[in-house]
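Content type compact mmCIF, C-alpha atoms, from the file upload32.txt:
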```
# COMPACT_ATOMS: atom_id res chain seq x y z
CA MET A 1 0.00 0.00 0.00
CA PRO A 2 1.39 3.45 -0.84
CA LEU A 3 1.87 5.94 1.98
CA PRO A 4 -0.94 8.44 2.55
CA LEU A 5 -0.22 11.83 1.08
CA SER A 6 -0.27 13.42 4.54
CA ALA A 7 2.77 11.32 5.48
CA LEU A 8 4.85 12.22 2.46
CA VAL A 9 5.84 15.79 3.33
CA PRO A 10 5.21 16.27 7.06
CA HIS A 11 5.91 19.60 8.73
CA GLN A 12 8.01 17.99 11.48
CA VAL A 13 10.13 15.17 10.09
CA LEU A 14 13.46 15.76 11.83
CA ALA A 15 14.56 14.95 15.36
CA ASP A 16 15.64 17.87 17.53
CA GLY A 17 19.35 17.38 16.91
CA VAL A 18 18.94 16.95 13.17
CA GLN A 19 16.57 19.89 12.90
CA ALA A 20 19.04 22.10 14.76
CA GLU A 21 21.70 21.09 12.23
CA ALA A 22 19.28 21.76 9.38
CA LEU A 23 18.67 25.27 10.69
CA ARG A 24 22.41 25.88 10.97
CA LEU A 25 22.84 24.52 7.47
CA ALA A 26 20.23 26.92 6.10
CA GLN A 27 21.96 29.85 7.84
CA ALA A 28 25.42 28.80 6.64
CA THR A 29 24.14 28.33 3.09
CA ARG A 30 22.92 31.93 3.15
CA GLY A 31 26.36 33.06 4.36
CA GLU A 32 25.19 33.90 7.89
CA ARG A 33 27.43 33.43 10.92
CA THR A 34 26.60 30.41 13.06
CA GLU A 35 27.69 29.31 16.52
CA PRO A 36 28.33 25.78 17.82
CA ALA A 37 25.34 24.17 19.51
CA SER A 38 27.61 22.88 22.28
CA THR A 39 31.25 23.24 23.30
CA ALA A 40 33.98 20.98 24.65
CA THR A 41 36.48 22.19 27.24
CA VAL A 42 40.09 21.48 26.31
CA LEU A 43 43.55 22.43 27.53
CA VAL A 44 45.70 24.21 24.95
CA GLY A 45 49.45 24.71 25.15
CA CYS A 46 51.86 26.83 23.14
CA LEU A 47 54.69 24.95 21.43
CA VAL A 48 58.13 26.42 22.08
CA ASP A 49 60.02 24.79 19.20
CA PRO A 50 57.99 24.35 15.97
CA ARG A 51 60.57 21.85 14.72
CA LYS A 52 59.27 19.34 17.28
CA THR A 53 55.69 19.54 16.03
CA GLY A 54 55.56 16.05 14.49
CA GLN A 55 57.26 14.38 17.45
CA VAL A 56 54.98 16.10 19.95
CA MET A 57 51.89 15.23 17.91
CA ARG A 58 52.80 11.55 18.05
CA SER A 59 53.38 11.67 21.82
CA LEU A 60 50.10 13.45 22.44
CA GLY A 61 48.27 11.01 20.19
CA ARG A 62 49.55 8.08 22.26
CA ALA A 63 49.00 9.55 25.72
CA TRP A 64 45.97 11.83 25.18
CA PRO A 65 44.09 10.82 22.01
CA LEU A 66 41.13 13.03 21.22
CA PRO A 67 37.79 11.23 21.57
CA GLU A 68 36.07 10.16 18.37
CA SER A 69 33.30 12.69 18.99
CA LEU A 70 35.87 15.49 18.60
CA GLY A 71 37.44 14.08 15.44
CA HIS A 72 36.43 17.23 13.59
CA LEU A 73 38.91 19.33 15.64
CA LYS A 74 42.41 19.75 14.28
CA ARG A 75 45.05 19.16 16.92
CA LEU A 76 46.98 22.39 16.31
CA ARG A 77 46.68 25.82 14.83
CA LYS A 78 49.04 28.63 13.92
CA THR A 79 48.14 31.99 15.43
CA SER A 80 48.36 35.31 13.64
CA GLU A 81 51.58 35.98 15.58
CA GLY A 82 53.15 32.81 14.20
CA ALA A 83 52.96 30.77 17.41
CA ILE A 84 51.74 27.16 17.30
CA GLU A 85 48.97 26.25 19.72
CA MET A 86 48.12 22.60 20.28
CA ILE A 87 45.27 20.79 22.02
CA LEU A 88 46.89 18.99 24.95
CA CYS A 89 43.89 17.04 26.18
CA VAL A 90 40.16 17.22 26.77
CA ASP A 91 39.58 18.41 30.32
CA ALA A 92 35.97 18.26 31.46
CA LYS A 93 36.86 18.86 35.11
CA VAL A 94 37.86 22.47 34.65
CA SER A 95 34.30 23.23 33.53
CA ASP A 96 32.71 21.68 36.66
CA PRO A 97 31.20 24.32 38.96
CA GLY A 98 32.91 22.75 42.01
CA THR A 99 36.41 22.86 40.52
CA PRO A 100 38.50 25.80 41.78
CA LEU A 101 40.02 28.04 39.12
CA MET A 102 43.66 27.10 38.61
CA GLY A 103 46.50 29.11 37.17
CA SER A 104 47.97 28.25 33.78
CA ALA A 105 51.12 26.68 35.32
CA GLU A 106 49.04 24.48 37.63
CA LEU A 107 46.88 23.38 34.71
CA PHE A 108 49.95 22.37 32.74
CA GLU A 109 51.37 20.47 35.72
CA ARG A 110 48.13 18.55 36.13
CA PHE A 111 48.16 17.80 32.41
CA LEU A 112 51.63 16.24 32.66
CA SER A 113 50.79 14.22 35.76
CA SER A 114 47.71 12.70 34.06
CA ALA A 115 49.74 11.07 31.28
CA ALA A 116 49.10 7.36 30.87
CA GLY A 117 51.81 5.10 29.48
CA LEU A 118 54.56 7.74 29.39
CA ASP A 119 57.81 7.38 31.27
CA ALA A 120 59.61 10.19 33.04
CA ALA A 121 61.80 10.92 30.02
CA ALA A 122 58.79 11.32 27.75
CA ARG A 123 57.13 13.64 30.27
CA ASP A 124 60.28 15.74 30.47
CA GLU A 125 60.37 15.92 26.70
CA LEU A 126 56.78 17.19 26.55
CA SER A 127 57.47 19.60 29.39
CA SER A 128 60.37 21.14 27.47
CA ALA A 129 58.39 21.26 24.21
CA PHE A 130 55.74 23.61 25.63
CA SER A 131 55.84 26.78 27.61
CA THR A 132 55.05 25.78 31.19
CA SER A 133 51.49 27.02 31.04
CA ALA A 134 48.17 25.89 29.66
CA MET A 135 44.99 27.73 28.83
CA VAL A 136 41.39 26.56 28.88
CA LYS A 137 39.44 26.92 25.66
CA LYS A 138 35.91 25.99 24.73
CA LEU A 139 35.84 24.59 21.20
CA PRO A 140 32.98 23.32 19.00
CA ALA A 141 31.79 19.94 20.27
CA ASP A 142 29.69 19.34 17.16
CA PRO A 143 31.10 19.03 13.64
CA PRO A 144 30.30 21.74 11.09
CA VAL A 145 27.41 21.01 8.73
CA HIS A 146 28.54 23.20 5.83
CA ILE A 147 31.90 24.01 4.26
CA GLY A 148 31.20 27.72 4.80
CA GLU A 149 30.55 27.09 8.47
CA ALA A 150 33.79 25.09 8.73
CA ARG A 151 35.79 27.94 7.20
CA ASP A 152 34.17 30.49 9.50
CA TRP A 153 34.81 28.40 12.64
CA SER A 154 38.38 27.69 11.52
CA ARG A 155 38.98 31.41 11.21
CA ARG A 156 37.22 32.56 14.40
CA LEU A 157 37.27 29.63 16.84
CA TRP A 158 39.62 26.76 15.99
CA PRO A 159 40.58 24.86 12.83
CA VAL A 160 38.08 22.10 12.06
CA HIS A 161 37.69 19.37 9.46
CA PHE A 162 34.52 19.22 7.38
CA ASN A 163 33.14 15.77 6.65
CA PRO A 164 29.41 15.52 5.85
CA LYS A 165 29.30 11.97 7.21
CA ASN A 166 30.13 13.26 10.70
CA CYS A 167 26.91 15.29 10.80
CA LEU A 168 23.61 13.97 12.07
CA LEU A 169 22.28 14.82 8.64
CA GLY A 170 24.67 12.20 7.25
CA THR A 171 24.55 13.48 3.69
CA ARG A 172 26.03 16.04 1.38
CA PRO A 173 25.07 19.59 2.41
CA ALA A 174 23.53 20.34 -0.97
CA LEU A 175 21.12 17.43 -0.51
CA ALA A 176 20.46 17.78 3.23
CA PRO A 177 16.93 18.50 4.44
CA VAL A 178 16.24 22.14 5.19
CA PRO A 179 13.15 23.80 6.69
CA LEU A 180 10.50 24.38 4.02
CA THR A 181 8.18 27.35 3.69
CA ALA A 182 4.41 26.86 3.45
CA VAL A 183 4.55 27.55 -0.31
CA GLU A 184 7.33 24.97 -0.81
CA ILE A 185 5.41 22.38 1.20
CA ASP A 186 2.29 22.96 -0.93
CA ARG A 187 4.34 22.54 -4.10
CA ALA A 188 5.93 19.36 -2.78
CA ARG A 189 2.50 17.94 -1.93
CA LYS A 190 1.24 18.76 -5.42
CA TRP A 191 4.08 16.93 -7.17
CA MET A 192 4.03 14.04 -4.69
CA ALA A 193 0.33 13.64 -5.48
CA LEU A 194 1.26 13.32 -9.15
CA VAL A 195 3.92 10.71 -8.30
CA CYS A 196 1.39 8.75 -6.19
CA GLU A 197 -1.10 8.82 -9.05
CA ARG A 198 1.47 7.62 -11.59
CA SER A 199 2.55 4.87 -9.19
CA ALA A 200 -1.05 3.74 -8.66
CA ASN A 201 -1.60 3.60 -12.44
CA ALA A 202 1.53 1.43 -12.80
CA ASN A 203 0.56 -1.28 -10.31
CA HIS A 204 2.12 0.70 -7.46
CA ALA A 205 5.58 0.58 -9.04
CA PRO A 206 7.94 3.30 -7.79
CA ALA A 207 7.55 6.57 -9.67
CA ALA A 208 9.56 9.77 -9.86
CA CYS A 209 9.21 13.22 -11.34
CA ILE A 210 11.64 16.03 -12.16
CA VAL A 211 10.42 19.58 -11.51
CA GLY A 212 11.99 22.89 -12.44
CA PRO A 213 12.44 24.65 -9.06
CA ALA A 214 12.46 28.18 -10.46
CA THR A 215 9.29 27.83 -12.57
CA ASP A 216 7.56 25.04 -10.60
CA THR A 217 6.86 23.20 -13.87
CA LEU A 218 7.03 19.51 -14.64
CA VAL A 219 10.08 18.44 -16.66
CA ALA A 220 9.68 14.66 -16.83
CA VAL A 221 8.15 11.66 -15.07
CA GLY A 222 8.99 7.98 -15.02
CA GLU A 223 7.98 4.67 -13.46
CA ASP A 224 10.15 1.73 -12.47
CA THR A 225 10.22 -0.84 -15.30
CA SER A 226 13.25 -2.81 -14.11
CA LYS A 227 11.19 -5.86 -13.19
CA ILE A 228 9.26 -5.78 -16.46
CA ASP A 229 12.22 -5.55 -18.82
CA SER A 230 14.80 -7.05 -16.40
CA HIS A 231 17.11 -4.07 -16.74
CA PRO A 232 18.83 -2.91 -13.51
CA LEU A 233 19.01 0.73 -14.63
CA HIS A 234 15.36 1.16 -15.51
CA HIS A 235 14.23 2.33 -12.10
CA ALA A 236 12.00 5.37 -11.72
CA ALA A 237 14.67 8.03 -11.25
CA MET A 238 16.74 6.86 -14.23
CA VAL A 239 13.68 6.65 -16.48
CA ALA A 240 12.72 10.23 -15.50
CA ILE A 241 16.27 11.45 -16.11
CA ASP A 242 16.30 9.69 -19.49
CA ALA A 243 13.06 11.42 -20.47
CA ALA A 244 14.39 14.82 -19.36
CA MET A 245 17.62 14.42 -21.32
CA SER A 246 15.68 13.27 -24.37
CA ARG A 247 13.63 16.46 -24.30
CA ILE A 248 16.79 18.55 -23.91
CA LEU A 249 18.41 16.81 -26.89
CA ARG A 250 15.29 17.24 -29.03
CA GLU A 251 15.04 20.95 -28.23
CA ARG A 252 18.76 21.45 -28.87
CA ASN A 253 18.55 19.74 -32.25
CA ARG A 254 15.45 21.77 -33.14
CA ARG A 255 17.43 24.99 -32.61
CA LYS A 256 20.40 23.64 -34.54
CA ALA A 257 18.19 22.59 -37.45
CA ALA A 258 16.68 26.08 -37.57
CA ALA A 259 20.19 27.56 -37.69
CA GLY A 260 21.38 25.10 -40.34
CA GLN A 261 23.87 23.41 -38.00
CA PRO A 262 24.57 19.67 -37.87
CA LEU A 263 22.43 17.76 -35.41
CA GLU A 264 23.76 15.87 -32.43
CA PRO A 265 23.67 12.07 -32.79
CA ARG A 266 20.76 10.22 -31.24
CA SER A 267 22.22 7.45 -29.10
CA THR A 268 20.09 4.32 -28.90
CA LEU A 269 18.90 3.36 -25.44
CA ALA A 270 19.39 -0.09 -23.97
CA HIS A 271 15.76 -1.02 -24.57
CA GLY A 272 15.98 -0.12 -28.26
CA GLN A 273 14.04 3.17 -28.36
CA ALA A 274 15.64 6.37 -29.61
CA PRO A 275 15.66 9.35 -27.20
CA GLU A 276 13.35 11.40 -29.42
CA LYS A 277 10.76 8.62 -29.49
CA ARG A 278 10.99 8.16 -25.71
CA ALA A 279 10.53 11.92 -25.26
CA ARG A 280 7.37 11.87 -27.36
CA ILE A 281 6.02 8.92 -25.39
CA ASP A 282 6.68 10.58 -22.05
CA GLU A 283 5.28 13.91 -23.19
CA ALA A 284 2.09 12.23 -24.35
CA GLN A 285 1.61 10.84 -20.86
CA LEU A 286 2.14 14.16 -19.09
CA PRO A 287 -1.00 15.64 -17.48
```

Kindly present the structure from the file in structure tokens form.
Amino acid sequence: MPLPLSALVPHQVLADGVQAEALRLAQATRGERTEPASTATVLVGCLVDPRKTGQVMRSLGRAWPLPESLGHLKRLRKTSEGAIEMILCVDAKVSDPGTPLMGSAELFERFLSSAAGLDAAARDELSSAFSTSAMVKKLPADPPVHIGEARDWSRRLWPVHFNPKNCLLGTRPALAPVPLTAVEIDRARKWMALVCERSANANHAPAACIVGPATDTLVAVGEDTSKIDSHPLHHAAMVAIDAAMSRILRERNRRKAAAGQPLEPRSTLAHGQAPEKRARIDEAQLP
């Protein structure tokens, strides 16, 4: 049984966390400044000798690996003054209300004493690599949802990696769900109703349609015929795309013929029908 139309484009389809990311995505897409939804408290130290960067990174990675949830944070950054700051470790205790405020030297001493699996020589090496002080910083605990947001955070807050798969949205930003206006929802319902009708007329086979977003006009429709003709590519989306490209080719050749230019070749589809013929068939079925 096909889904009822009321379930196809609901007003509230995202969980709170995903919807918050979708709102941030919409803001970042428009070029607006966004702020992290939550922050993580970390200890940051200033490297004395930049030549030891690689060695220190390996030592920190062994003794204080960043949790997987903070994989979007880069371990170090270069300040505008040329100094290299590096995340020493995640320190949740300094953010607890009951924890007394400690000086930077005391923070660094506690950082060294918390090392696991490092001998005294390795601790001394780390101690000499940094200035004997540490600062507390609050960095984004959630990964960026848009490349523009990642660049903005990297410039203002701390360098971050952008990987769409780390977001709750779990998809490319260009394809991620964003809040829809009432007009957009009505348009979506209208075209989903057409898809449901085409599916019902084709024994409830999957159907798809392509719509021009600027003009809100139908470009092409298609139903899944993969089980009928045993072709793995003849699912609804590919059939609709094939019909759309056939119409584009036919219109392009019409203009070239009017200008006396040579026509583009008509490639034969796998099922033996020429694109122009398929375009006529699909157009005849359009409402």

Might you pull out every residue within 9 Å of Leu73 in chain A, with all atoms listed in the file counted and same-chain residues fewer than 5 positions away left off, and present them as a PDB file with C-alpha atoms, keeping the file's coordinate frame?
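Saved to part-v5.pdb:
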```
ATOM      1  CA  LEU A  66      41.130  13.030  21.220  1.00  0.00           C
ATOM      2  CA  LEU A 139      35.840  24.590  21.200  1.00  0.00           C
ATOM      3  CA  PRO A 140      32.980  23.320  19.000  1.00  0.00           C
ATOM      4  CA  ALA A 141      31.790  19.940  20.270  1.00  0.00           C
ATOM      5  CA  PRO A 143      31.100  19.030  13.640  1.00  0.00           C
ATOM      6  CA  TRP A 158      39.620  26.760  15.990  1.00  0.00           C
ATOM      7  CA  PRO A 159      40.580  24.860  12.830  1.00  0.00           C
ATOM      8  CA  VAL A 160      38.080  22.100  12.060  1.00  0.00           C
ATOM      9  CA  HIS A 161      37.690  19.370   9.460  1.00  0.00           C
TER      10      HIS A 161
END
```

Quick one: 8 Å padding each side, axis-aligned, all listed atoms of range 253-266 of chain A - centre and edge lengths in Å to one decimal, as lines of an AutoDock Vina configuration file?
```
center_x = 20.0
center_y = 18.9
center_z = -35.8
size_x = 25.1
size_y = 33.3
size_z = 25.1
```

Env of His235 in chain A: 8 Å cut, atoms = all atoms listed in the file, seq-sep filter 2 positions within chain, self excluded. Answer as a VMD selection string. chain A and resid 206 223 to 226 232 to 233 237 to 239

Would you list the contacts of Glu32 in chain A as a PyMOL selection string, taking every protein, DNA or RNA residue within 10 Å and counting all atoms listed in the file, but skipping same-chain residues closer than 4 positions in sequence? chain A and resi 24-28+148-149+152

Expressed in Å to a single decimal, how great is the separation between CA of Gly222 in chain A and CA of Leu194 in chain A?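 Interatomic distance here is 11.1 Å.
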
Find, counting all atoms listed in the file, the residue in A:Leu70, A:Ala134, A:Ala122, A:Ala220 that gets nearest to Gly45 in chain A. A:Ala134

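Minimum atom-to-atom distance to Gly61 in chain A, evaluated using only C-alpha atoms, belongs to A:Leu88 out of A:Ala40, A:Val195, A:His231, A:Leu88.
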
A:Pro262, A:Gly82, A:Gly212, A:Pro144 ranked by distance to Leu47 in chain A, top pick (using only C-alpha atoms):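 The answer is A:Gly82, which sits nearest to Leu47 in chain A.
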
Atomic distance CA of Thr39 in chain A - CA of Ala63 in chain A, expressed in Å with one decimal: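 So the answer is 22.5 Å.
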
Nearest residue to Glu21 in chain A from the set A:Arg151, A:Lys227, A:Lys74, A:His146 (distances using all atoms listed in the file):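 Ranking A:Arg151, A:Lys227, A:Lys74, A:His146 by distance to Glu21 in chain A, first place goes to A:His146.
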
For Gly31 in chain A, the nearest of the candidates A:Asp91, A:Arg77, A:Phe130, A:Ala150, counting all atoms listed in the file: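 Answer, going by the shortest atom-to-atom distance: A:Ala150.
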
Shortest interatomic distance to Cys209 in chain A - which of A:Ile228, A:Ala193, A:Ala240, A:Ala121, counting all atoms listed in the file: A:Ala240

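Taking CA of Ala120 in chain A as the reference point, CA of Met57 in chain A is found at 17.7 Å.
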
Is there a way to get, as number ranges by chain, all residues within 7 Å of the point (44.9, 18.6, 23.0) in file coordinates, counting only C-alpha atoms? A: 42-44, 66, 75, 86-90

I need the residues from that last selection saved to file as a tab-separated table (two decimals), in the frame of the given file (with C-alpha atoms), if you can.
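Just written: again-v5.tsv:
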```
chain	number	residue	atom	x	y	z
A	42	VAL	CA	40.09	21.48	26.31
A	43	LEU	CA	43.55	22.43	27.53
A	44	VAL	CA	45.70	24.21	24.95
A	66	LEU	CA	41.13	13.03	21.22
A	75	ARG	CA	45.05	19.16	16.92
A	86	MET	CA	48.12	22.60	20.28
A	87	ILE	CA	45.27	20.79	22.02
A	88	LEU	CA	46.89	18.99	24.95
A	89	CYS	CA	43.89	17.04	26.18
A	90	VAL	CA	40.16	17.22	26.77
```

Using the block above, I'd like range 19-30 of chain A written out, keeping all heavy atoms and formatting it as a PDB file, in the first residue's frame.
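Writing done, so here's result_12.pdb:
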```pdb
ATOM      1  N   GLN A  19      17.203  18.641  13.317  1.00  0.00           N
ATOM      2  CA  GLN A  19      16.568  19.893  12.904  1.00  0.00           C
ATOM      3  C   GLN A  19      17.447  21.086  13.254  1.00  0.00           C
ATOM      4  O   GLN A  19      17.522  22.058  12.488  1.00  0.00           O
ATOM      5  CB  GLN A  19      15.196  20.034  13.572  1.00  0.00           C
ATOM      6  CG  GLN A  19      14.465  21.296  13.092  1.00  0.00           C
ATOM      7  CD  GLN A  19      12.969  21.131  13.095  1.00  0.00           C
ATOM      8  OE1 GLN A  19      12.464  20.131  13.578  1.00  0.00           O
ATOM      9  NE2 GLN A  19      12.281  22.092  12.565  1.00  0.00           N
ATOM     10  N   ALA A  20      18.128  21.011  14.401  1.00  0.00           N
ATOM     11  CA  ALA A  20      19.043  22.097  14.762  1.00  0.00           C
ATOM     12  C   ALA A  20      20.156  22.207  13.723  1.00  0.00           C
ATOM     13  O   ALA A  20      20.543  23.315  13.324  1.00  0.00           O
ATOM     14  CB  ALA A  20      19.631  21.851  16.148  1.00  0.00           C
ATOM     15  N   GLU A  21      20.670  21.062  13.265  1.00  0.00           N
ATOM     16  CA  GLU A  21      21.697  21.091  12.230  1.00  0.00           C
ATOM     17  C   GLU A  21      21.133  21.630  10.919  1.00  0.00           C
ATOM     18  O   GLU A  21      21.812  22.355  10.189  1.00  0.00           O
ATOM     19  CB  GLU A  21      22.271  19.690  12.019  1.00  0.00           C
ATOM     20  CG  GLU A  21      23.222  19.249  13.118  1.00  0.00           C
ATOM     21  CD  GLU A  21      24.028  18.024  12.732  1.00  0.00           C
ATOM     22  OE1 GLU A  21      23.834  17.531  11.605  1.00  0.00           O
ATOM     23  OE2 GLU A  21      24.847  17.586  13.546  1.00  0.00           O
ATOM     24  N   ALA A  22      19.901  21.270  10.615  1.00  0.00           N
ATOM     25  CA  ALA A  22      19.284  21.755   9.376  1.00  0.00           C
ATOM     26  C   ALA A  22      19.130  23.266   9.402  1.00  0.00           C
ATOM     27  O   ALA A  22      19.338  23.942   8.392  1.00  0.00           O
ATOM     28  CB  ALA A  22      17.932  21.077   9.171  1.00  0.00           C
ATOM     29  N   LEU A  23      18.785  23.819  10.566  1.00  0.00           N
ATOM     30  CA  LEU A  23      18.666  25.271  10.689  1.00  0.00           C
ATOM     31  C   LEU A  23      20.032  25.938  10.519  1.00  0.00           C
ATOM     32  O   LEU A  23      20.151  26.962   9.841  1.00  0.00           O
ATOM     33  CB  LEU A  23      18.062  25.629  12.048  1.00  0.00           C
ATOM     34  CG  LEU A  23      16.583  25.283  12.239  1.00  0.00           C
ATOM     35  CD1 LEU A  23      16.154  25.493  13.690  1.00  0.00           C
ATOM     36  CD2 LEU A  23      15.714  26.120  11.309  1.00  0.00           C
ATOM     37  N   ARG A  24      21.058  25.335  11.142  1.00  0.00           N
ATOM     38  CA  ARG A  24      22.405  25.882  10.973  1.00  0.00           C
ATOM     39  C   ARG A  24      22.843  25.787   9.518  1.00  0.00           C
ATOM     40  O   ARG A  24      23.491  26.689   8.993  1.00  0.00           O
ATOM     41  CB  ARG A  24      23.391  25.124  11.865  1.00  0.00           C
ATOM     42  CG  ARG A  24      23.472  25.674  13.280  1.00  0.00           C
ATOM     43  CD  ARG A  24      24.329  24.851  14.198  1.00  0.00           C
ATOM     44  NE  ARG A  24      25.518  24.343  13.574  1.00  0.00           N
ATOM     45  CZ  ARG A  24      26.053  23.150  13.858  1.00  0.00           C
ATOM     46  NH1 ARG A  24      25.470  22.356  14.740  1.00  0.00           N
ATOM     47  NH2 ARG A  24      27.154  22.750  13.268  1.00  0.00           N
ATOM     48  N   LEU A  25      22.488  24.685   8.874  1.00  0.00           N
ATOM     49  CA  LEU A  25      22.839  24.516   7.470  1.00  0.00           C
ATOM     50  C   LEU A  25      22.197  25.593   6.613  1.00  0.00           C
ATOM     51  O   LEU A  25      22.832  26.173   5.735  1.00  0.00           O
ATOM     52  CB  LEU A  25      22.419  23.125   6.995  1.00  0.00           C
ATOM     53  CG  LEU A  25      22.576  22.852   5.492  1.00  0.00           C
ATOM     54  CD1 LEU A  25      24.034  22.948   5.081  1.00  0.00           C
ATOM     55  CD2 LEU A  25      22.019  21.486   5.138  1.00  0.00           C
ATOM     56  N   ALA A  26      20.922  25.884   6.874  1.00  0.00           N
ATOM     57  CA  ALA A  26      20.228  26.922   6.105  1.00  0.00           C
ATOM     58  C   ALA A  26      20.895  28.278   6.312  1.00  0.00           C
ATOM     59  O   ALA A  26      21.067  29.045   5.360  1.00  0.00           O
ATOM     60  CB  ALA A  26      18.757  26.972   6.525  1.00  0.00           C
ATOM     61  N   GLN A  27      21.289  28.581   7.557  1.00  0.00           N
ATOM     62  CA  GLN A  27      21.962  29.849   7.837  1.00  0.00           C
ATOM     63  C   GLN A  27      23.321  29.904   7.148  1.00  0.00           C
ATOM     64  O   GLN A  27      23.687  30.919   6.546  1.00  0.00           O
ATOM     65  CB  GLN A  27      22.131  30.031   9.339  1.00  0.00           C
ATOM     66  CG  GLN A  27      20.828  30.240  10.094  1.00  0.00           C
ATOM     67  CD  GLN A  27      21.042  30.296  11.608  1.00  0.00           C
ATOM     68  OE1 GLN A  27      21.800  29.510  12.167  1.00  0.00           O
ATOM     69  NE2 GLN A  27      20.386  31.222  12.263  1.00  0.00           N
ATOM     70  N   ALA A  28      24.093  28.813   7.247  1.00  0.00           N
ATOM     71  CA  ALA A  28      25.422  28.805   6.638  1.00  0.00           C
ATOM     72  C   ALA A  28      25.332  28.891   5.120  1.00  0.00           C
ATOM     73  O   ALA A  28      26.172  29.528   4.479  1.00  0.00           O
ATOM     74  CB  ALA A  28      26.175  27.534   7.050  1.00  0.00           C
ATOM     75  N   THR A  29      24.311  28.266   4.540  1.00  0.00           N
ATOM     76  CA  THR A  29      24.137  28.325   3.091  1.00  0.00           C
ATOM     77  C   THR A  29      23.878  29.759   2.630  1.00  0.00           C
ATOM     78  O   THR A  29      24.299  30.170   1.548  1.00  0.00           O
ATOM     79  CB  THR A  29      22.973  27.408   2.656  1.00  0.00           C
ATOM     80  OG1 THR A  29      23.233  26.078   3.106  1.00  0.00           O
ATOM     81  CG2 THR A  29      22.805  27.398   1.145  1.00  0.00           C
ATOM     82  N   ARG A  30      23.182  30.521   3.485  1.00  0.00           N
ATOM     83  CA  ARG A  30      22.919  31.932   3.152  1.00  0.00           C
ATOM     84  C   ARG A  30      24.096  32.832   3.494  1.00  0.00           C
ATOM     85  O   ARG A  30      24.023  34.054   3.311  1.00  0.00           O
ATOM     86  CB  ARG A  30      21.676  32.403   3.909  1.00  0.00           C
ATOM     87  CG  ARG A  30      20.384  31.737   3.483  1.00  0.00           C
ATOM     88  CD  ARG A  30      19.180  32.465   4.055  1.00  0.00           C
ATOM     89  NE  ARG A  30      19.155  32.425   5.500  1.00  0.00           N
ATOM     90  CZ  ARG A  30      18.499  31.506   6.219  1.00  0.00           C
ATOM     91  NH1 ARG A  30      17.829  30.548   5.590  1.00  0.00           N
ATOM     92  NH2 ARG A  30      18.503  31.546   7.534  1.00  0.00           N
TER      93      ARG A  30
END
```
